[in-house]
>>> print(open('upload.csv').read())   # CSV, C-alpha atoms
chain,number,residue,atom,x,y,z
A,1,MET,CA,126.8,30.0,129.9
A,2,ALA,CA,124.3,27.0,130.3
A,3,SER,CA,123.3,24.7,127.6
A,4,ILE,CA,120.0,23.0,126.4
A,5,ALA,CA,120.5,19.3,126.6
A,6,GLY,CA,117.3,18.3,124.9
A,7,PHE,CA,113.6,18.9,124.3
A,8,GLY,CA,110.5,16.9,124.7
A,9,ALA,CA,106.8,17.2,123.8
A,10,TYR,CA,103.4,15.7,124.4
A,11,LEU,CA,100.3,16.2,122.3
A,12,PRO,CA,96.9,14.7,123.3
A,13,ALA,CA,95.4,12.1,120.9
A,14,ARG,CA,92.2,13.9,120.0
A,15,VAL,CA,92.4,15.8,116.8
A,16,VAL,CA,89.9,18.7,116.3
A,17,THR,CA,89.6,19.8,112.7
A,18,ASN,CA,88.5,23.2,111.4
A,19,ALA,CA,85.3,21.4,110.1
A,20,ASP,CA,84.6,20.2,113.7
A,21,LEU,CA,84.9,23.8,115.0
A,22,ALA,CA,83.1,25.5,112.1
A,23,ALA,CA,79.9,23.6,112.9
A,24,HIS,CA,79.9,25.3,116.3
A,25,LEU,CA,81.2,28.7,115.4
A,26,GLU,CA,79.0,29.4,112.3
A,27,CYS,CA,82.0,29.9,110.0
A,28,THR,CA,83.8,27.9,107.3
A,29,PRO,CA,86.9,25.7,107.7
A,30,ASP,CA,88.5,27.7,104.9
A,31,TRP,CA,88.0,31.0,106.8
A,32,ILE,CA,89.7,29.5,109.9
A,33,LEU,CA,92.7,28.4,107.8
A,34,GLU,CA,92.9,31.8,106.0
A,35,VAL,CA,92.9,33.9,109.1
A,36,SER,CA,95.1,31.7,111.3
A,37,GLY,CA,97.1,29.2,109.2
A,38,ILE,CA,95.6,26.4,111.4
A,39,GLU,CA,94.0,23.2,110.0
A,40,GLU,CA,93.7,21.2,113.2
A,41,ARG,CA,94.6,21.2,116.9
A,42,ARG,CA,94.6,18.7,119.7
A,43,TYR,CA,92.2,18.7,122.7
A,44,ALA,CA,93.1,16.9,125.9
A,45,ALA,CA,90.7,14.3,127.3
A,46,PRO,CA,88.3,15.6,130.1
A,47,ASP,CA,90.4,13.9,132.8
A,48,GLU,CA,93.8,14.9,131.3
A,49,ASP,CA,95.1,18.0,133.2
A,50,VAL,CA,98.0,20.3,132.6
A,51,ALA,CA,100.2,18.4,135.1
A,52,ALA,CA,99.6,15.0,133.3
A,53,MET,CA,100.5,16.6,130.0
A,54,GLY,CA,103.5,18.3,131.5
A,55,VAL,CA,104.8,15.0,133.0
A,56,ALA,CA,104.5,13.3,129.6
A,57,ALA,CA,106.5,16.0,127.9
A,58,ALA,CA,109.1,16.0,130.8
A,59,ARG,CA,109.6,12.3,130.5
A,60,ASP,CA,110.1,12.6,126.7
A,61,CYS,CA,112.7,15.3,127.3
A,62,LEU,CA,114.6,13.3,130.0
A,63,ASP,CA,114.6,10.2,127.8
A,64,ARG,CA,116.0,12.1,124.8
A,65,ALA,CA,118.6,13.8,127.0
A,66,GLN,CA,119.4,10.5,128.7
A,67,CYS,CA,119.1,12.2,132.0
A,68,PRO,CA,117.6,10.4,135.1
A,69,ALA,CA,114.9,12.4,136.8
A,70,ALA,CA,116.9,12.1,140.0
A,71,ASP,CA,119.5,14.5,138.5
A,72,ILE,CA,117.1,17.4,138.3
A,73,ARG,CA,117.8,20.1,140.9
A,74,LEU,CA,115.1,22.6,139.9
A,75,LEU,CA,111.7,22.3,138.1
A,76,ILE,CA,110.1,25.3,136.4
A,77,VAL,CA,106.6,24.8,135.0
A,78,SER,CA,104.9,27.4,132.8
A,79,SER,CA,101.1,27.2,132.6
A,80,ALA,CA,98.3,29.8,132.5
A,81,SER,CA,95.5,27.3,132.0
A,82,SER,CA,95.6,25.3,135.1
A,83,ALA,CA,92.3,24.3,136.6
A,84,GLN,CA,92.8,26.0,140.0
A,85,ARG,CA,94.1,29.3,141.3
A,86,PHE,CA,96.7,27.5,143.5
A,87,PRO,CA,98.8,25.5,143.8
A,88,GLY,CA,100.0,25.7,140.2
A,89,PRO,CA,100.9,22.4,138.5
A,90,ALA,CA,104.7,22.5,139.3
A,91,ALA,CA,104.4,20.6,142.5
A,92,ALA,CA,102.2,17.9,141.0
A,93,VAL,CA,104.5,17.6,138.0
A,94,ALA,CA,107.5,17.2,140.4
A,95,ALA,CA,105.7,14.6,142.4
A,96,GLN,CA,104.6,12.6,139.4
A,97,LEU,CA,108.2,12.7,138.1
A,98,GLY,CA,109.4,11.4,141.4
A,99,LEU,CA,111.5,14.5,142.2
A,100,GLY,CA,111.0,14.2,145.9
A,101,GLU,CA,111.6,17.6,147.6
A,102,THR,CA,113.3,19.2,144.6
A,103,PRO,CA,112.1,22.8,144.4
A,104,ALA,CA,109.4,23.4,141.8
A,105,ILE,CA,108.1,26.8,140.8
A,106,ASP,CA,105.2,28.0,138.5
A,107,ILE,CA,105.3,30.7,135.9
A,108,PRO,CA,101.7,31.6,135.0
A,109,VAL,CA,102.4,34.2,132.3
A,110,ALA,CA,100.9,32.3,129.4
A,111,SER,CA,102.4,32.4,125.9
A,112,ALA,CA,105.9,33.8,126.8
A,113,GLY,CA,106.2,31.6,129.9
A,114,SER,CA,108.4,28.9,128.4
A,115,LEU,CA,110.8,31.6,127.1
A,116,PHE,CA,110.9,33.2,130.5
A,117,GLY,CA,111.4,29.8,132.1
A,118,LEU,CA,114.3,29.0,129.7
A,119,ALA,CA,115.9,32.3,130.3
A,120,LEU,CA,115.6,31.8,134.1
A,121,ALA,CA,117.0,28.3,133.8
A,122,SER,CA,120.0,29.6,131.9
A,123,HIS,CA,120.8,31.8,134.9
A,124,LEU,CA,120.0,29.3,137.6
A,125,ALA,CA,121.6,26.1,136.2
A,126,ALA,CA,125.1,27.2,137.3
A,127,SER,CA,124.1,27.6,140.9
A,128,SER,CA,121.4,24.9,141.3
A,129,GLY,CA,122.3,22.2,138.9
A,130,PRO,CA,120.2,20.8,136.0
A,131,VAL,CA,116.9,22.6,135.5
A,132,LEU,CA,113.9,21.1,133.8
A,133,VAL,CA,111.6,23.6,132.1
A,134,VAL,CA,108.1,22.3,131.4
A,135,ALA,CA,105.3,24.2,129.6
A,136,ALA,CA,101.8,22.6,129.7
A,137,GLU,CA,98.5,24.2,128.6
A,138,LYS,CA,94.9,23.0,128.3
A,139,MET,CA,93.6,26.0,126.3
A,140,SER,CA,90.5,24.1,125.2
A,141,GLY,CA,89.1,24.8,128.6
A,142,ALA,CA,89.9,28.5,128.3
A,143,VAL,CA,87.8,29.2,125.1
A,144,SER,CA,84.1,29.1,124.4
A,145,LEU,CA,82.8,27.4,121.3
A,146,GLN,CA,80.1,30.0,120.7
A,147,PRO,CA,79.8,31.9,117.5
A,148,ASP,CA,80.6,35.3,119.1
A,149,GLN,CA,83.8,33.8,120.4
A,150,ARG,CA,85.0,32.4,117.1
A,151,ASN,CA,88.0,34.7,116.8
A,152,THR,CA,89.7,33.1,119.8
A,153,ALA,CA,88.1,29.7,119.7
A,154,ILE,CA,89.7,28.8,116.4
A,155,LEU,CA,93.2,29.5,117.6
A,156,PHE,CA,93.9,27.3,120.6
A,157,GLY,CA,94.9,23.8,121.2
A,158,ASP,CA,96.3,21.7,124.1
A,159,GLY,CA,99.8,20.2,124.6
A,160,ALA,CA,103.0,20.3,126.5
A,161,GLY,CA,106.7,20.8,125.8
A,162,ALA,CA,109.9,20.6,127.9
A,163,CYS,CA,113.6,21.3,127.8
A,164,LEU,CA,116.5,20.4,130.0
A,165,VAL,CA,119.1,23.1,130.9
A,166,ARG,CA,122.4,22.4,132.5
A,167,GLU,CA,126.0,23.6,132.7
A,168,ALA,CA,127.5,20.6,130.8
A,169,PRO,CA,127.8,21.0,127.0
A,170,GLY,CA,124.7,19.8,125.2
A,171,LEU,CA,122.7,20.5,122.1
A,172,LEU,CA,122.6,24.3,122.2
A,173,ARG,CA,124.6,26.7,124.3
A,174,ILE,CA,122.6,29.7,125.4
A,175,ALA,CA,124.4,32.9,124.2
A,176,GLY,CA,122.1,35.7,125.1
A,177,ARG,CA,118.6,36.8,126.0
A,178,GLU,CA,116.3,39.8,125.8
A,179,LEU,CA,113.1,39.9,127.9
A,180,GLY,CA,110.5,42.6,128.3
A,181,SER,CA,107.2,43.2,130.1
A,182,ASP,CA,104.7,46.0,129.7
A,183,GLY,CA,101.3,46.1,131.5
A,184,THR,CA,100.0,49.1,129.6
A,185,PHE,CA,97.6,46.8,127.6
A,186,ALA,CA,97.3,44.0,130.1
A,187,ALA,CA,93.5,43.9,129.7
A,188,ASP,CA,93.8,43.2,126.0
A,189,LEU,CA,94.7,39.6,126.5
A,190,ARG,CA,93.5,37.8,129.6
A,191,LEU,CA,91.8,34.8,131.0
A,192,PRO,CA,89.5,35.9,133.9
A,193,LEU,CA,88.8,33.4,136.7
A,194,SER,CA,85.3,33.0,135.3
A,195,GLY,CA,86.6,32.6,131.7
A,196,PRO,CA,86.5,32.5,128.7
A,197,LEU,CA,89.7,34.0,127.3
A,198,GLU,CA,89.3,37.6,126.2
A,199,MET,CA,91.5,39.0,123.4
A,200,ASN,CA,91.7,42.3,121.6
A,201,GLY,CA,93.4,40.9,118.5
A,202,ARG,CA,94.2,44.3,117.0
A,203,SER,CA,96.1,45.4,120.1
A,204,VAL,CA,97.9,42.0,120.5
A,205,ILE,CA,99.1,42.0,116.9
A,206,MET,CA,100.0,45.6,116.9
A,207,GLN,CA,102.3,45.2,119.9
A,208,ALA,CA,103.6,41.7,118.9
A,209,THR,CA,104.6,42.9,115.4
A,210,ARG,CA,106.8,45.6,117.0
A,211,LYS,CA,108.1,44.1,120.2
A,212,MET,CA,109.1,40.7,119.0
A,213,PRO,CA,111.2,41.8,116.1
A,214,ARG,CA,112.8,44.4,118.3
A,215,ALA,CA,113.7,41.8,120.9
A,216,ILE,CA,115.1,39.4,118.3
A,217,LEU,CA,117.2,42.1,116.7
A,218,ALA,CA,118.5,43.3,120.1
A,219,VAL,CA,119.7,39.9,121.2
A,220,LEU,CA,121.3,39.2,117.8
A,221,GLU,CA,123.0,42.6,117.6
A,222,ARG,CA,124.4,42.1,121.1
A,223,SER,CA,126.1,38.9,120.0
A,224,GLY,CA,127.2,40.4,116.6
A,225,VAL,CA,124.9,38.0,114.7
A,226,SER,CA,123.0,39.1,111.6
A,227,PRO,CA,119.4,37.8,111.1
A,228,SER,CA,120.4,36.2,107.8
A,229,SER,CA,123.0,34.0,109.6
A,230,VAL,CA,120.4,32.5,112.0
A,231,GLN,CA,119.7,28.9,110.8
A,232,THR,CA,116.4,28.5,112.6
A,233,PHE,CA,113.9,30.7,114.5
A,234,LEU,CA,111.8,28.8,117.0
A,235,MET,CA,108.9,31.1,117.9
A,236,HIS,CA,105.7,30.8,120.0
A,237,GLN,CA,103.3,29.4,117.5
A,238,ALA,CA,100.6,32.1,117.8
A,239,ASN,CA,99.4,32.6,114.3
A,240,GLN,CA,101.1,31.9,110.9
A,241,ASN,CA,100.4,35.4,109.6
A,242,LEU,CA,102.1,36.9,112.7
A,243,MET,CA,105.2,34.6,112.3
A,244,ASP,CA,105.4,35.7,108.6
A,245,ARG,CA,105.2,39.4,109.6
A,246,VAL,CA,108.0,38.9,112.2
A,247,ALA,CA,110.2,37.2,109.7
A,248,ARG,CA,109.8,40.1,107.3
A,249,ALA,CA,110.4,42.6,110.0
A,250,VAL,CA,113.7,41.1,111.1
A,251,GLY,CA,114.8,40.5,107.5
A,252,ALA,CA,115.0,36.7,107.6
A,253,PRO,CA,113.4,34.2,105.2
A,254,THR,CA,110.1,32.9,106.4
A,255,GLY,CA,111.3,29.4,105.7
A,256,ARG,CA,113.7,29.7,108.6
A,257,PHE,CA,110.9,30.1,111.1
A,258,TYR,CA,109.9,26.6,112.1
A,259,SER,CA,106.2,26.2,112.0
A,260,ASN,CA,103.8,23.5,113.1
A,261,ILE,CA,100.8,25.7,113.8
A,262,ARG,CA,98.9,24.1,111.0
A,263,ARG,CA,98.7,20.8,113.0
A,264,TYR,CA,98.6,22.0,116.6
A,265,GLY,CA,97.2,25.5,116.7
A,266,ASN,CA,98.3,27.9,119.4
A,267,THR,CA,99.2,25.9,122.5
A,268,SER,CA,100.2,29.1,124.4
A,269,SER,CA,103.4,28.7,126.4
A,270,ALA,CA,103.8,25.0,125.3
A,271,SER,CA,104.0,25.9,121.6
A,272,MET,CA,107.6,27.1,121.5
A,273,LEU,CA,108.9,23.9,123.2
A,274,ILE,CA,106.7,21.6,121.2
A,275,ALA,CA,108.1,23.2,118.0
A,276,ALA,CA,111.6,22.9,119.4
A,277,ALA,CA,111.1,19.2,120.2
A,278,GLU,CA,109.8,18.5,116.7
A,279,TRP,CA,112.5,20.5,115.1
A,280,ALA,CA,115.3,18.8,117.1
A,281,THR,CA,114.3,15.4,115.8
A,282,GLN,CA,115.0,16.5,112.2
A,283,ALA,CA,117.5,19.3,112.5
A,284,ARG,CA,121.0,19.1,111.0
A,285,LEU,CA,123.1,21.5,113.0
A,286,ASP,CA,126.7,22.2,112.4
A,287,PRO,CA,128.7,23.4,115.4
A,288,GLY,CA,128.4,27.2,115.6
A,289,ALA,CA,124.9,27.4,113.9
A,290,PHE,CA,122.6,29.9,115.5
A,291,VAL,CA,119.1,29.2,116.7
A,292,CYS,CA,116.9,32.0,118.0
A,293,PHE,CA,113.8,31.5,120.2
A,294,ALA,CA,111.1,34.2,120.5
A,295,ALA,CA,107.7,34.6,122.2
A,296,PHE,CA,105.1,37.2,122.9
A,297,GLY,CA,101.9,36.9,125.0
A,298,ALA,CA,99.6,38.1,127.7
A,299,GLY,CA,100.8,40.8,130.0
A,300,PHE,CA,102.3,41.7,127.7
A,301,HIS,CA,105.5,39.7,128.2
A,302,TRP,CA,107.9,39.0,125.3
A,303,GLY,CA,111.5,38.2,124.5
A,304,ALA,CA,114.1,36.4,122.4
A,305,LEU,CA,116.9,34.1,123.3
A,306,LEU,CA,119.9,33.2,121.1
A,307,ALA,CA,121.6,29.8,121.2
A,308,VAL,CA,124.5,28.3,119.4
A,309,ALA,CA,124.9,24.6,118.3
A,310,GLU,CA,127.6,22.8,120.2
B,1,MET,CA,98.1,68.4,100.4
B,2,THR,CA,96.3,68.3,103.8
B,3,ASN,CA,97.1,65.8,106.5
B,4,GLN,CA,93.8,64.1,105.8
B,5,ASP,CA,94.8,63.7,102.2
B,6,ARG,CA,98.2,62.2,103.2
B,7,ILE,CA,96.5,59.8,105.6
B,8,ALA,CA,94.0,58.8,102.9
B,9,GLN,CA,96.8,58.0,100.5
B,10,ILE,CA,98.5,55.8,103.1
B,11,LEU,CA,95.3,54.1,103.8
B,12,LYS,CA,94.8,53.3,100.1
B,13,ALA,CA,98.2,51.7,100.0
B,14,VAL,CA,97.8,49.4,103.0
B,15,SER,CA,94.0,48.6,102.7
B,16,GLN,CA,92.6,45.7,100.9
B,17,ASN,CA,89.5,47.8,100.1
B,18,PRO,CA,89.9,49.9,97.0
B,19,ASP,CA,87.3,52.5,98.2
B,20,LEU,CA,88.1,55.3,100.5
B,21,PRO,CA,86.2,55.6,103.8
B,22,GLY,CA,84.5,58.7,105.0
B,23,PRO,CA,86.5,60.7,107.6
B,24,ALA,CA,84.5,59.4,110.5
B,25,GLU,CA,83.9,55.9,109.1
B,26,SER,CA,85.4,53.0,111.1
B,27,LEU,CA,88.3,51.4,109.3
B,28,PHE,CA,87.9,48.3,111.3
B,29,ASP,CA,84.2,47.6,111.1
B,30,ASN,CA,83.9,48.2,107.4
B,31,GLY,CA,86.7,46.1,106.1
B,32,TYR,CA,89.3,48.8,105.4
B,33,LEU,CA,91.9,47.4,107.8
B,34,ASP,CA,92.3,44.0,109.2
B,35,SER,CA,94.5,43.3,112.3
B,36,PHE,CA,97.6,42.8,110.2
B,37,ALA,CA,97.2,45.9,108.1
B,38,LEU,CA,97.0,48.1,111.2
B,39,PRO,CA,100.7,47.8,112.0
B,40,GLU,CA,101.5,48.6,108.4
B,41,LEU,CA,99.4,51.7,108.6
B,42,VAL,CA,101.2,52.8,111.8
B,43,ALA,CA,104.6,52.2,110.2
B,44,ALA,CA,103.6,54.2,107.1
B,45,LEU,CA,102.3,57.1,109.3
B,46,GLU,CA,105.7,57.2,111.1
B,47,LYS,CA,107.5,57.4,107.8
B,48,GLU,CA,105.1,59.9,106.1
B,49,PHE,CA,105.0,62.3,109.1
B,50,GLY,CA,108.6,61.7,110.2
B,51,MET,CA,107.7,60.7,113.8
B,52,LYS,CA,108.2,57.8,116.1
B,53,ILE,CA,104.9,56.5,117.6
B,54,PRO,CA,105.6,55.0,121.0
B,55,ASP,CA,104.2,51.5,121.8
B,56,SER,CA,102.2,53.1,124.6
B,57,ASP,CA,100.2,55.1,122.1
B,58,LEU,CA,99.2,52.1,120.0
B,59,ASN,CA,95.7,51.8,121.2
B,60,PRO,CA,93.8,50.7,118.1
B,61,ARG,CA,90.9,53.1,118.9
B,62,LYS,CA,93.3,56.0,118.2
B,63,PHE,CA,93.6,54.8,114.6
B,64,GLU,CA,90.0,53.8,114.1
B,65,THR,CA,89.0,56.6,111.6
B,66,ILE,CA,90.8,59.0,109.4
B,67,GLU,CA,89.6,61.9,111.6
B,68,LYS,CA,91.1,60.2,114.7
B,69,ILE,CA,94.4,59.6,112.9
B,70,GLU,CA,94.4,63.2,111.8
B,71,GLN,CA,93.8,64.3,115.4
B,72,TYR,CA,96.6,62.1,116.7
B,73,VAL,CA,99.1,63.2,114.0
B,74,GLY,CA,98.2,66.8,114.7
B,75,ALA,CA,98.8,66.4,118.4
B,76,ARG,CA,102.1,64.7,117.9
B,77,LYS,CA,103.5,67.2,115.4
>>> encode(input="upload.csv", output="structure tokens")
Amino acid sequence: MASIAGFGAYLPARVVTNADLAAHLECTPDWILEVSGIEERRYAAPDEDVAAMGVAAARDCLDRAQCPAADIRLLIVSSASSAQRFPGPAAAVAAQLGLGETPAIDIPVASAGSLFGLALASHLAASSGPVLVVAAEKMSGAVSLQPDQRNTAILFGDGAGACLVREAPGLLRIAGRELGSDGTFAADLRLPLSGPLEMNGRSVIMQATRKMPRAILAVLERSGVSPSSVQTFLMHQANQNLMDRVARAVGAPTGRFYSNIRRYGNTSSASMLIAAAEWATQARLDPGAFVCFAAFGAGFHWGALLAVAE
Amino acid sequence: MTNQDRIAQILKAVSQNPDLPGPAESLFDNGYLDSFALPELVAALEKEFGMKIPDSDLNPRKFETIEKIEQYVGARK
């Protein structure tokens, strides 16, 4: 099966603290931290779009993997916060990376988009050649900083992540995947064309706390791996309390769930790859160590993917 | 013990609020259950009443009051 050759990330320079938001949202910085585990997030500059952020993350990934852009045979871009209905940002990212006529496709499924992109890439790398997966989100444009929108406004930030998937051995060999979609509660988390983002938090958390652990346990069981033997879980950074619940539900120590949500907030589909890129710079992996990716988001779409250090 | 008593006991175990709400009182609006306590309530109901609640039934409105929970449990049994 295909391997992940490397990760990359990009975070905008502007830091937005809880104190900055509290002034608009008629709440306290401490309340934001308590309900979300977030202390600050990044906001993109007004002229910085999802494609620009995606390109920056892609270049970081290609540099780390020592892969020339010319080697890429397929580009997959996950974004649900692009400024226009079509085209999605994939073609612009491809053009800015100098990929010529390399096929570039969009996955607009929000938070689980990078996981779905990674899973697709693991299938397609054998037939197409190296696949670059990029996830870029400008969520600051999807929320409203009005007091009645505080429950969503406090959560989100901007950023981009990337990973390179190819047949050749790399950092992590992909060993299995479990994906799911269920539109029963599609209206409970959505970004209408007129905005802002709408979320029924109770419904999202209820479904996420059941579906994500189930997907993780399914992919682990299929590979004969116990949760306690997974070295690191790299999850969509949605909410620290949610990550802690998932850890308890699968029976793994919360410390094995890599978390950077305190600094970047929820960057939707970008968050899992941003976390992976940070983790990869400091991870000490012995060959055979297990790493499990997981995400849940609008749709609802969710899943888990198991990888093994090479 | 009635179903309503059993539900009330579960609620006391998962709620941050030491008081017990009235049967028709909202568990969400009055601080008895936050977003993260709701999945615990559902898991405890499954265990107490020996049933599996499908994901498609997990509309928070069905679990908004003790009365609504009682109706749901009664319909499922």
>>> closest_atom_pairs(input="upload.csv", of="chain B", to="chain A", cutoff="9 Å", atoms="only C-alpha atoms", output="Markdown table")
| residue | atom | partner | partner_atom | distance |
| --- | --- | --- | --- | --- |
| B:Asp34 | CA | A:Arg202 | CA | 8.0 |
| B:Ser35 | CA | A:Arg202 | CA | 4.8 |
| B:Phe36 | CA | A:Ile205 | CA | 6.9 |
| B:Leu38 | CA | A:Met206 | CA | 6.9 |
| B:Pro39 | CA | A:Met206 | CA | 5.4 |
| B:Val42 | CA | A:Met206 | CA | 8.9 |
| B:Asp55 | CA | A:Gln207 | CA | 6.8 |
| B:Ser56 | CA | A:Thr184 | CA | 6.8 |
| B:Leu58 | CA | A:Met206 | CA | 7.2 |
| B:Asn59 | CA | A:Ser203 | CA | 6.5 |
| B:Pro60 | CA | A:Ser203 | CA | 6.1 |
>>> atom_distance(input="upload.csv", atom1="atom CA of Asn266 of chain A", atom2="atom CA of Gly141 of chain A")
13.4 Å
>>> closest_residue(input="upload.csv", among="B:Asn3, B:Tyr32, B:Gln71, B:Ala44", to="Asn17 of chain B", atoms="all atoms listed in the file")
B:Tyr32
>>> residues_around(input="upload.csv", residues="Val219 of chain A", least_positions_apart="5", cutoff="7 Å", atoms="all atoms listed in the file", output="compact mmCIF listing (two decimals) with C-alpha atoms, in the frame of the given file")
# COMPACT_ATOMS: atom_id res chain seq x y z
CA GLY A 176 122.10 35.70 125.10
CA ARG A 177 118.60 36.80 126.00
CA GLU A 178 116.30 39.80 125.80
CA ALA A 304 114.10 36.40 122.40
CA LEU A 305 116.90 34.10 123.30
CA LEU A 306 119.90 33.20 121.10
>>> atom_distance(input="upload.csv", atom1="atom CA of Asn18 of chain A", atom2="atom CA of Glu40 of chain A")
5.9 Å
>>> atom_distance(input="upload.csv", atom1="atom CA of Ile4 of chain A", atom2="atom CA of Asn239 of chain A")
25.7 Å
>>> residues_around(input="upload.csv", residues="Glu64 of chain B", least_positions_apart="4", cutoff="10 Å", atoms="only C-alpha atoms", output="list in words")
Ala24, Glu25, Ser26, Leu27, Phe28, Asp29, Leu33, Leu38, Asn59, Pro60, Lys68 and Ile69 of chain B
>>> residues_around(input="upload.csv", residues="Ala37 of chain B", least_positions_apart="6", cutoff="9 Å", atoms="all atoms listed in the file", output="JSON, numbers by chain")
{"B": [14, 15, 16]}
>>> closest_residue(input="upload.csv", among="A:Gly299, A:Pro213, A:Gly37, A:Gly170", to="Arg263 of chain A", atoms="all atoms listed in the file")
A:Gly37
>>> closest_residue(input="upload.csv", among="A:Met243, A:Leu132, A:Ile261, A:Cys292", to="Pro227 of chain A", atoms="only C-alpha atoms")
A:Cys292
>>> closest_residue(input="upload.csv", among="A:Gly54, A:Pro108, A:Gly8, A:Gly117", to="Gln84 of chain A", atoms="all atoms listed in the file")
A:Pro108
>>> closest_residue(input="upload.csv", among="B:Leu20, B:Val73, B:Met1, B:Phe63", to="Met51 of chain B", atoms="all atoms listed in the file")
B:Val73
>>> residues_near_point(input="upload.csv", point="(115.0, 29.9, 128.3)", cutoff="12 Å", atoms="all atoms listed in the file", output="short mmCIF file (atom, residue, chain, number, x, y, z; two decimals) with C-alpha atoms, keeping the file's coordinate frame")
data_model
loop_
_atom_site.label_atom_id
_atom_site.label_comp_id
_atom_site.auth_asym_id
_atom_site.auth_seq_id
_atom_site.Cartn_x
_atom_site.Cartn_y
_atom_site.Cartn_z
CA MET A 1 126.80 30.00 129.90
CA ALA A 2 124.30 27.00 130.30
CA SER A 3 123.30 24.70 127.60
CA ILE A 4 120.00 23.00 126.40
CA PHE A 7 113.60 18.90 124.30
CA ILE A 76 110.10 25.30 136.40
CA VAL A 77 106.60 24.80 135.00
CA SER A 78 104.90 27.40 132.80
CA ALA A 112 105.90 33.80 126.80
CA GLY A 113 106.20 31.60 129.90
CA SER A 114 108.40 28.90 128.40
CA LEU A 115 110.80 31.60 127.10
CA PHE A 116 110.90 33.20 130.50
CA GLY A 117 111.40 29.80 132.10
CA LEU A 118 114.30 29.00 129.70
CA ALA A 119 115.90 32.30 130.30
CA LEU A 120 115.60 31.80 134.10
CA ALA A 121 117.00 28.30 133.80
CA SER A 122 120.00 29.60 131.90
CA HIS A 123 120.80 31.80 134.90
CA LEU A 124 120.00 29.30 137.60
CA ALA A 125 121.60 26.10 136.20
CA VAL A 131 116.90 22.60 135.50
CA LEU A 132 113.90 21.10 133.80
CA VAL A 133 111.60 23.60 132.10
CA VAL A 134 108.10 22.30 131.40
CA ALA A 135 105.30 24.20 129.60
CA ALA A 162 109.90 20.60 127.90
CA CYS A 163 113.60 21.30 127.80
CA LEU A 164 116.50 20.40 130.00
CA VAL A 165 119.10 23.10 130.90
CA ARG A 166 122.40 22.40 132.50
CA LEU A 172 122.60 24.30 122.20
CA ARG A 173 124.60 26.70 124.30
CA ILE A 174 122.60 29.70 125.40
CA ALA A 175 124.40 32.90 124.20
CA GLY A 176 122.10 35.70 125.10
CA ARG A 177 118.60 36.80 126.00
CA GLU A 178 116.30 39.80 125.80
CA LEU A 179 113.10 39.90 127.90
CA LEU A 234 111.80 28.80 117.00
CA SER A 269 103.40 28.70 126.40
CA MET A 272 107.60 27.10 121.50
CA LEU A 273 108.90 23.90 123.20
CA ALA A 276 111.60 22.90 119.40
CA CYS A 292 116.90 32.00 118.00
CA PHE A 293 113.80 31.50 120.20
CA ALA A 294 111.10 34.20 120.50
CA ALA A 295 107.70 34.60 122.20
CA TRP A 302 107.90 39.00 125.30
CA GLY A 303 111.50 38.20 124.50
CA ALA A 304 114.10 36.40 122.40
CA LEU A 305 116.90 34.10 123.30
CA LEU A 306 119.90 33.20 121.10
CA ALA A 307 121.60 29.80 121.20
#
>>> closest_residue(input="upload.csv", among="A:Val109, A:Ala142, A:Ala94, A:Leu62", to="Ala80 of chain A", atoms="all atoms listed in the file")
A:Val109
